[in-house]
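Student: Quick one: structure below, then a few questions.
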Amino acid sequence: MRRNKSFIILAVILSVTLSALGQSNNATLFGKITDGSGKPVDMANISLKGFPIGTVSNADGEYLLRVPSKKQITIVYSIIGFQPVERSIRCDEEERRELNITLQQTDQQIDEVQVTQLRRNKTNITRIDSKFINNVTDASGNGVEALIKTLPGVSTNNELSSQYSVRGGNFDENLVYVNDIEVYRPFLVRSGQQEGLSFINSDMVSSIEFSAGGFSAKYGDKMSSVLDIKYRKPTELAGSANLDFMGGTLQLEDISKNGKWSHITGVRYKTNRYMLGSLDEKGDYNPRFTDVQTYITYAFNKKFDLSFLGNLANNNYQFIPENRKTSFGTWNQAYNTTIYFEGQEIDKFNTATGAISANYHPNNQLNLKLIASAFRSTEEENYDILGEYYLNELERDMSSGNGGDSALNVGIGAFLNHARNNLEANVISLEHKGAFNTEKHLLNWGVKFQREVIDDVVNEWVMRDSAGYSLPHHNNPDKLELYSSANAKNKLSSNRISAYIQDTYQIPVSSGSLYFNGGIRTQYWDYSGQTVISPRVSFSYFPEKNPNVSYHLSGGIYAQPAFYKELKNLDGQLTTNAKAQQSAQILVGSDYIFQAWERPFKFTTELYYKYLWDLAPYQVDNVRIRYLSDQKATGYATGLDMKVNGEFVSGVESWASLSVMQTKEDIAGDGHGYIPRPTDQRINFSIYFQDYLPGNPSYKMHLTAFYGSRLPTGPPKGERWQDTYRMPPYRRIDMGLSKVLVNEEHKFKNSRFLNEIKDMWLSLEVFNLLGVNNTISYFWVSSNSGDMYAVPNYLTGRKLNLKLSVRF
């Protein structure tokens, strides 16, 4: 406890020091940004060159930025579609300097046809600046997903995993696209320790778009969310590298002299052995995760180009457990479990993705794209682990001199876990996408054919013993049964055809701007023989009298046909009852832009309701989702999401998100009515906060904080309606302190090689600052009297990480 207090005090001192060292050593820069015709330019970026400080202009083109004084600095003004402008200035302490800028439009072509007035969001999509990726502290090492977890409606309870839940949905209900290619995950991963690297390479990202619901028809057949990532197209020779206690990354990009060829390539290596060393379960952890990814483009001319996106990932997880000691319970009933292990686990998850895209845009109104893609995953899960456990009651009398020591043995037993699981999945697809833009309309359409071939061999079982008796215990001493088992050989070959069409246009109104987005998508899957139809609409209204307020309304049908996991029962067999899960969703929200401390802020709210039917109930253990595919359910999810973001500290954006949600389901025929779904996390609160040293922005602090209320869980091999016990809430703070070593203003002038470095910074990261023992799942043991005890499986403890980042 004393160590926790010291870390808290240190964090408070650092934060107060950074913020309160004064309002001195700074100056105030303000002004207005207009285009060539004198009209204000909203959402223009104003940044301090060489430092992670900046702001954006408001609807009137006005901006305000606190900048360092008494030194020469360069201010950069930029926005897509305009030529950037740089201005060098030097301000006195607390000087107020007005600087008005005119931006000239550029004739640079944008690859995708987009609606005019690009900066007004006419669909239910949140856009996140990719610059935040470099300023987030996350134990998983997946920067994009770490940012997504801080958004309203998104919940997480596992820092080792890049997966997340959205508005009551599970991990399998989230869509992820990279350059219009749908991304798939390995199927057999059961814990965050095994998960490895996310597909998304944060060093290659140029844009991030996310929707927590109510997204348009052009996005695929999932019920909860969509994450749309675009990789960067290089304009010069450049690169970056990162090195820390958990691995490293290297990224290179270049463009040919004639501008036809370009590539961006990334290599990553990660081992979370350092983090896993803080778990209760001790042993020899040897996780190794590597991947290589490239995005290559060749432009034949201004109208036609080809691109290739490729990824090879090799994820190996080896573990030889030794022992585990876990204390749990309450002050009145305190227990300790000690487990001694033999055996090992060896897992391999190897994936390969390749996609070729042909992009043809004969004019500024029409864009046609053809995409051929393939995904392959080969997975092996092998383990034989013997454990012998002792369950002891602890001495509660602290004055006896033996307080906290084992006072009474209440249980003894053993278990043997065995698995030889192998899966091979192949997914190929051919897709056409198109867009046609007029002055007020944007028409999008697409059609896709997909074939899936999956071979799955399941062979896993658990044998358990308590006080010398095998479980389950029978009166017949000659009968021996396994505690649980699954054995199957499955082969699934199927085809899908999907299509969509949607239109976005402006509806003439006299009191402001009203935009409509409406469309319909459909999918046919030959395995189930079912065709699903999903109409979707959204309205966005921007009042003329109050340009700081906007409103939006979205609704539609969202169908999710099964992929593979949803078909598999607990015994490994495939079900033939494969109807698509569906939801009817409606949400209403508003955005309000306001000024505080002479700086811009935005308050966003969304209220939603989702009615769910043909659900496949499931149970969650760590990140493993096991469907009860022979059952069906109806359900609902409803809640309120709120977010406030802006410059709490001048020049750097931060935000706080709060979500209140309830989701329940009624399983047909079980007689227990509505019960909480496994994702029924009533309250989620998250913070992403940045600060810097006034007058010296080369010193910076960034922090993420999470609170997620208690999730439901239940006993092993229990019925779904029994999963009503609640785990403790998830609480975590991660903090990073960084120092810029090299930037545009500070170079290695005496070294030609080092002079090529654009930016270099060193970060000290503190994971789990408060040292909270968060529970991810439970290991159930039996006492000598047959009572079951839930022993918590804790996540990682407090760890320090040193990280060096370079851009050149």
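Identifiers for the structure tokens are assigned positionally: chains receive A, B, ... in sequence, residues are indexed from 1 per chain, and ligands are indexed from 1 in the order shown.
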Can you pull out the residues contacting Val205 of chain A? Cut-off 9 Å, using only C-alpha atoms, and skip same-chain residues under 4 positions away; I want them as a list in words.
Tutor: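 Those residues are Ser130, Val144, Ile200, Asn201, Ile229, Lys230, Tyr231 and Arg232 of chain A.
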Student: Pick from A:Ser78, A:Ser207, A:Thr638, A:Gln194: nearest to Asp35 of chain A, with only C-alpha atoms counted?
Tutor: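 Answer, going by the shortest atom-to-atom distance: A:Ser78.
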Student: Using only C-alpha atoms, can you tell me which of A:Glu452, A:Asn336, A:Ala59, A:Leu423 comes closest to Glu395 of chain A?
Tutor: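 The shortest atom-to-atom distance to Glu395 of chain A comes from A:Asn336.
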Student: Using atom CA of Pro697 of chain A and atom CA of Glu93 of chain A as the two end points, give the distance in Å to one decimal.
Tutor: 15.1 Å
Student: Measuring between only C-alpha atoms, which one of A:Ser534, A:Asn421, A:Thr297, A:Ser485 shows the shortest distance to Thr235 of chain A?
Tutor: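 Closest to Thr235 of chain A of all the choices is A:Thr297.
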Student: Could you please determine the separation between atom CA of Glu94 of chain A and atom CA of Asn26 of chain A in Å, to one decimal place?
Tutor: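 Atom CA of Glu94 of chain A sits 5.7 Å away from atom CA of Asn26 of chain A.
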Student: Could you pull the residues within 8 Å of Tyr317 of chain A, counting only C-alpha atoms, minus those fewer than 2 positions along the same chain, as a PyMOL selection string?
Tutor: chain A and resi 194+285-288+315+319+345-348
Student: Just the strand (DSSP E) stuff from segment 472-698 of chain A, please, per backbone DSSP, written as an MDAnalysis selection string.
Tutor: chainID A and resid 484:507 512:525 530:543 549:560 581:596 599:615 618:621 624:627 633:649 652:667 674:676 683:693 696:698
Student: At a cut-off of 10 Å, using only C-alpha atoms, what residues contact Tyr730 of chain A? Leave out same-chain residues fewer than 3 positions from it and give the result as an mmCIF file with C-alpha atoms, in the first residue's frame.
Tutor:
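The resulting out15.cif:
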```cif
data_model
loop_
_atom_site.group_PDB
_atom_site.id
_atom_site.type_symbol
_atom_site.label_atom_id
_atom_site.label_comp_id
_atom_site.auth_asym_id
_atom_site.auth_seq_id
_atom_site.Cartn_x
_atom_site.Cartn_y
_atom_site.Cartn_z
ATOM 1 C CA SER A 155 -15.318 -0.936 -23.182
ATOM 2 C CA THR A 156 -12.259 -2.992 -22.318
ATOM 3 C CA ASN A 157 -11.217 -5.178 -19.402
ATOM 4 C CA ASN A 158 -7.909 -6.614 -20.652
ATOM 5 C CA ASN A 684 -17.597 2.892 -18.485
ATOM 6 C CA PHE A 706 -10.186 3.400 -17.478
ATOM 7 C CA TYR A 707 -13.011 2.410 -15.204
ATOM 8 C CA GLY A 708 -15.421 -0.368 -16.196
ATOM 9 C CA SER A 709 -18.085 -1.593 -13.791
ATOM 10 C CA ARG A 710 -18.634 -5.217 -12.834
ATOM 11 C CA LEU A 711 -19.130 -7.784 -15.616
ATOM 12 C CA MET A 727 -16.515 -9.646 -11.238
ATOM 13 C CA VAL A 772 -4.608 -2.535 -9.139
ATOM 14 C CA ASN A 773 -5.228 -6.304 -9.298
ATOM 15 C CA ASN A 774 -7.798 -6.499 -12.105
ATOM 16 C CA THR A 775 -9.653 -9.781 -12.611
ATOM 17 C CA ILE A 776 -10.089 -11.190 -16.119
#
```
Student: Could you build a table of the residues in segment 154-184 of chain A lying no more than 9 Å from segment 641-665 of chain A, giving for each the nearest pair of atoms and their separation in Å rounded to one decimal place, using only C-alpha atoms, ordered by chain and ascending residue number, as a Markdown table?
Tutor:
```
| residue | atom | partner | partner_atom | distance |
| --- | --- | --- | --- | --- |
| A:Val154 | CA | A:Ser659 | CA | 8.2 |
| A:Ser155 | CA | A:Ser659 | CA | 8.9 |
| A:Arg167 | CA | A:Met661 | CA | 7.0 |
| A:Gly168 | CA | A:Thr663 | CA | 5.8 |
| A:Gly169 | CA | A:Thr663 | CA | 8.8 |
```
Student: Write out, as an mmCIF file, in the first residue's frame, the residues just selected, with all heavy atoms.
Tutor:
```cif
data_model
loop_
_atom_site.group_PDB
_atom_site.id
_atom_site.type_symbol
_atom_site.label_atom_id
_atom_site.label_comp_id
_atom_site.auth_asym_id
_atom_site.auth_seq_id
_atom_site.Cartn_x
_atom_site.Cartn_y
_atom_site.Cartn_z
ATOM 1 N N VAL A 154 -17.278 2.308 -26.025
ATOM 2 C CA VAL A 154 -16.290 1.242 -26.147
ATOM 3 C C VAL A 154 -15.834 0.837 -24.751
ATOM 4 O O VAL A 154 -15.553 1.694 -23.914
ATOM 5 C CB VAL A 154 -15.078 1.688 -26.988
ATOM 6 C CG1 VAL A 154 -14.083 0.550 -27.148
ATOM 7 C CG2 VAL A 154 -15.551 2.182 -28.353
ATOM 8 N N SER A 155 -15.752 -0.462 -24.493
ATOM 9 C CA SER A 155 -15.318 -0.936 -23.182
ATOM 10 C C SER A 155 -14.222 -1.972 -23.338
ATOM 11 O O SER A 155 -14.147 -2.692 -24.341
ATOM 12 C CB SER A 155 -16.494 -1.539 -22.399
ATOM 13 O OG SER A 155 -17.041 -2.650 -23.073
ATOM 14 N N ARG A 167 -20.999 -1.117 -27.077
ATOM 15 C CA ARG A 167 -22.426 -0.990 -26.800
ATOM 16 C C ARG A 167 -23.108 -2.347 -26.612
ATOM 17 O O ARG A 167 -24.156 -2.625 -27.203
ATOM 18 C CB ARG A 167 -23.114 -0.188 -27.897
ATOM 19 C CG ARG A 167 -22.721 1.278 -27.884
ATOM 20 C CD ARG A 167 -23.362 2.083 -28.992
ATOM 21 N NE ARG A 167 -23.026 3.504 -28.856
ATOM 22 C CZ ARG A 167 -23.313 4.441 -29.761
ATOM 23 N NH1 ARG A 167 -23.955 4.102 -30.864
ATOM 24 N NH2 ARG A 167 -22.971 5.703 -29.559
ATOM 25 N N GLY A 168 -22.500 -3.194 -25.798
ATOM 26 C CA GLY A 168 -23.118 -4.464 -25.451
ATOM 27 C C GLY A 168 -22.827 -5.594 -26.400
ATOM 28 O O GLY A 168 -23.265 -6.728 -26.170
ATOM 29 N N GLY A 169 -22.062 -5.352 -27.474
ATOM 30 C CA GLY A 169 -21.702 -6.423 -28.393
ATOM 31 C C GLY A 169 -20.416 -7.101 -27.958
ATOM 32 O O GLY A 169 -19.677 -6.595 -27.109
#
```
Student: Can I get the residues of segment 515-555 of chain A within 6 Å of segment 571-590 of chain A, each with the closest pair of atoms and their distance in Å to one decimal, using only C-alpha atoms, sorted chain first then ascending number, as JSON lines?
Tutor:
```
{"residue": "A:Ser528", "atom": "CA", "partner": "A:Ala578", "partner_atom": "CA", "distance": 5.6}
{"residue": "A:Ser550", "atom": "CA", "partner": "A:Ser590", "partner_atom": "CA", "distance": 5.6}
{"residue": "A:Tyr551", "atom": "CA", "partner": "A:Ser590", "partner_atom": "CA", "distance": 4.3}
{"residue": "A:His552", "atom": "CA", "partner": "A:Gly589", "partner_atom": "CA", "distance": 5.3}
{"residue": "A:Leu553", "atom": "CA", "partner": "A:Val588", "partner_atom": "CA", "distance": 4.5}
{"residue": "A:Ser554", "atom": "CA", "partner": "A:Leu587", "partner_atom": "CA", "distance": 5.3}
{"residue": "A:Gly555", "atom": "CA", "partner": "A:Ile586", "partner_atom": "CA", "distance": 4.2}
```
Student: Just the residues within 7 Å of Ser484 of chain A, please, counting only C-alpha atoms, with nothing from its chain fewer than 2 positions along; format it as a PDB file with all heavy atoms, in the first residue's frame.
Tutor:
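Dumped everything to around.pdb:
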```pdb
ATOM      1  N   TRP A 461      -9.564 -31.887 -23.580  1.00  0.00           N
ATOM      2  CA  TRP A 461     -10.311 -32.393 -22.437  1.00  0.00           C
ATOM      3  C   TRP A 461      -9.667 -31.927 -21.134  1.00  0.00           C
ATOM      4  O   TRP A 461      -8.509 -31.528 -21.095  1.00  0.00           O
ATOM      5  CB  TRP A 461     -10.448 -33.917 -22.441  1.00  0.00           C
ATOM      6  CG  TRP A 461      -9.188 -34.704 -22.694  1.00  0.00           C
ATOM      7  CD1 TRP A 461      -8.790 -35.241 -23.872  1.00  0.00           C
ATOM      8  CD2 TRP A 461      -8.177 -35.058 -21.729  1.00  0.00           C
ATOM      9  NE1 TRP A 461      -7.596 -35.899 -23.733  1.00  0.00           N
ATOM     10  CE2 TRP A 461      -7.202 -35.809 -22.426  1.00  0.00           C
ATOM     11  CE3 TRP A 461      -7.989 -34.819 -20.368  1.00  0.00           C
ATOM     12  CZ2 TRP A 461      -6.065 -36.322 -21.788  1.00  0.00           C
ATOM     13  CZ3 TRP A 461      -6.873 -35.325 -19.731  1.00  0.00           C
ATOM     14  CH2 TRP A 461      -5.928 -36.069 -20.451  1.00  0.00           C
ATOM     15  N   VAL A 462     -10.460 -31.984 -20.084  1.00  0.00           N
ATOM     16  CA  VAL A 462     -10.019 -31.611 -18.741  1.00  0.00           C
ATOM     17  C   VAL A 462     -10.409 -32.734 -17.782  1.00  0.00           C
ATOM     18  O   VAL A 462     -11.564 -33.182 -17.775  1.00  0.00           O
ATOM     19  CB  VAL A 462     -10.653 -30.288 -18.272  1.00  0.00           C
ATOM     20  CG1 VAL A 462     -10.238 -29.973 -16.833  1.00  0.00           C
ATOM     21  CG2 VAL A 462     -10.264 -29.147 -19.199  1.00  0.00           C
ATOM     22  N   LEU A 482     -14.444 -37.698 -17.647  1.00  0.00           N
ATOM     23  CA  LEU A 482     -13.720 -36.444 -17.755  1.00  0.00           C
ATOM     24  C   LEU A 482     -14.607 -35.290 -17.282  1.00  0.00           C
ATOM     25  O   LEU A 482     -15.832 -35.333 -17.401  1.00  0.00           O
ATOM     26  CB  LEU A 482     -13.286 -36.197 -19.201  1.00  0.00           C
ATOM     27  CG  LEU A 482     -12.276 -37.199 -19.774  1.00  0.00           C
ATOM     28  CD1 LEU A 482     -12.100 -36.959 -21.271  1.00  0.00           C
ATOM     29  CD2 LEU A 482     -10.941 -37.104 -19.061  1.00  0.00           C
TER      30      LEU A 482
END
```
Student: Near segment 242-245 of chain A, within 7 Å and counting only C-alpha atoms, which residues show up once chain neighbours fewer than 5 positions away are dropped, as an mmCIF file with all heavy atoms, in the first residue's frame?
Tutor:
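Wrote it out as out_26.cif, contents follow:
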```cif
data_model
loop_
_atom_site.group_PDB
_atom_site.id
_atom_site.type_symbol
_atom_site.label_atom_id
_atom_site.label_comp_id
_atom_site.auth_asym_id
_atom_site.auth_seq_id
_atom_site.Cartn_x
_atom_site.Cartn_y
_atom_site.Cartn_z
ATOM 1 N N LEU A 250 10.176 -1.147 -37.196
ATOM 2 C CA LEU A 250 10.916 -0.406 -38.221
ATOM 3 C C LEU A 250 9.982 -0.191 -39.399
ATOM 4 O O LEU A 250 9.344 -1.125 -39.869
ATOM 5 C CB LEU A 250 12.157 -1.176 -38.663
ATOM 6 C CG LEU A 250 12.976 -0.547 -39.802
ATOM 7 C CD1 LEU A 250 13.564 0.785 -39.364
ATOM 8 C CD2 LEU A 250 14.072 -1.491 -40.280
ATOM 9 N N ASN A 801 8.410 0.955 -18.433
ATOM 10 C CA ASN A 801 8.886 0.685 -19.789
ATOM 11 C C ASN A 801 9.612 1.917 -20.312
ATOM 12 O O ASN A 801 9.156 3.046 -20.144
ATOM 13 C CB ASN A 801 7.715 0.340 -20.711
ATOM 14 C CG ASN A 801 8.178 -0.046 -22.110
ATOM 15 O OD1 ASN A 801 9.150 -0.785 -22.257
ATOM 16 N ND2 ASN A 801 7.489 0.436 -23.128
ATOM 17 N N LEU A 802 10.747 1.709 -20.929
ATOM 18 C CA LEU A 802 11.526 2.783 -21.543
ATOM 19 C C LEU A 802 11.459 2.616 -23.054
ATOM 20 O O LEU A 802 11.747 1.534 -23.572
ATOM 21 C CB LEU A 802 12.975 2.735 -21.067
ATOM 22 C CG LEU A 802 13.824 3.996 -21.308
ATOM 23 C CD1 LEU A 802 13.257 5.187 -20.548
ATOM 24 C CD2 LEU A 802 15.271 3.740 -20.903
ATOM 25 N N LYS A 803 11.098 3.679 -23.749
ATOM 26 C CA LYS A 803 10.846 3.593 -25.188
ATOM 27 C C LYS A 803 11.565 4.720 -25.919
ATOM 28 O O LYS A 803 11.446 5.889 -25.558
ATOM 29 C CB LYS A 803 9.341 3.670 -25.454
ATOM 30 C CG LYS A 803 8.946 3.536 -26.914
ATOM 31 C CD LYS A 803 7.433 3.550 -27.037
ATOM 32 C CE LYS A 803 6.982 3.393 -28.482
ATOM 33 N NZ LYS A 803 5.499 3.414 -28.595
ATOM 34 N N LEU A 804 12.287 4.349 -26.964
ATOM 35 C CA LEU A 804 12.977 5.315 -27.823
ATOM 36 C C LEU A 804 12.303 5.309 -29.193
ATOM 37 O O LEU A 804 12.143 4.258 -29.811
ATOM 38 C CB LEU A 804 14.457 4.959 -27.966
ATOM 39 C CG LEU A 804 15.282 5.886 -28.870
ATOM 40 C CD1 LEU A 804 15.377 7.284 -28.269
ATOM 41 C CD2 LEU A 804 16.674 5.309 -29.113
ATOM 42 N N SER A 805 11.902 6.488 -29.657
ATOM 43 C CA SER A 805 11.207 6.621 -30.943
ATOM 44 C C SER A 805 11.971 7.589 -31.834
ATOM 45 O O SER A 805 12.424 8.643 -31.378
ATOM 46 C CB SER A 805 9.777 7.131 -30.729
ATOM 47 O OG SER A 805 9.049 6.259 -29.884
ATOM 48 N N VAL A 806 12.094 7.220 -33.110
ATOM 49 C CA VAL A 806 12.852 8.018 -34.075
ATOM 50 C C VAL A 806 12.054 8.136 -35.367
ATOM 51 O O VAL A 806 11.457 7.154 -35.831
ATOM 52 C CB VAL A 806 14.228 7.380 -34.371
ATOM 53 C CG1 VAL A 806 15.004 8.233 -35.376
ATOM 54 C CG2 VAL A 806 15.027 7.190 -33.093
#
```
Student: Which residues are close to Arg451 of chain A, i.e. within 8 Å by only C-alpha atoms, leaving aside same-chain residues fewer than 2 positions away? Reply as a ChimeraX atom specification.
Tutor: /A:427-429,449,453,493-496
Student: Go through segment 730-775 of chain A residue by residue and, counting only C-alpha atoms, keep those with an atom at most 12 Å from segment 257-275 of chain A; for each kept residue give the shortest atom pair and its distance in Å to one decimal, ordered by chain and increasing number, as a tab-separated table.
Tutor:
```
residue	atom	partner	partner_atom	distance
A:Val766	CA	A:Met275	CA	11.6
A:Phe767	CA	A:Met275	CA	9.2
A:Asn768	CA	A:Met275	CA	10.8
```
Student: Measuring atom to atom with only C-alpha atoms, identify which of A:Arg599, A:Ala241, A:Ile625, A:Gln450 is nearest to Ile757 of chain A.
Tutor: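 Counting only C-alpha atoms, the residue closest to Ile757 of chain A is A:Ala241.
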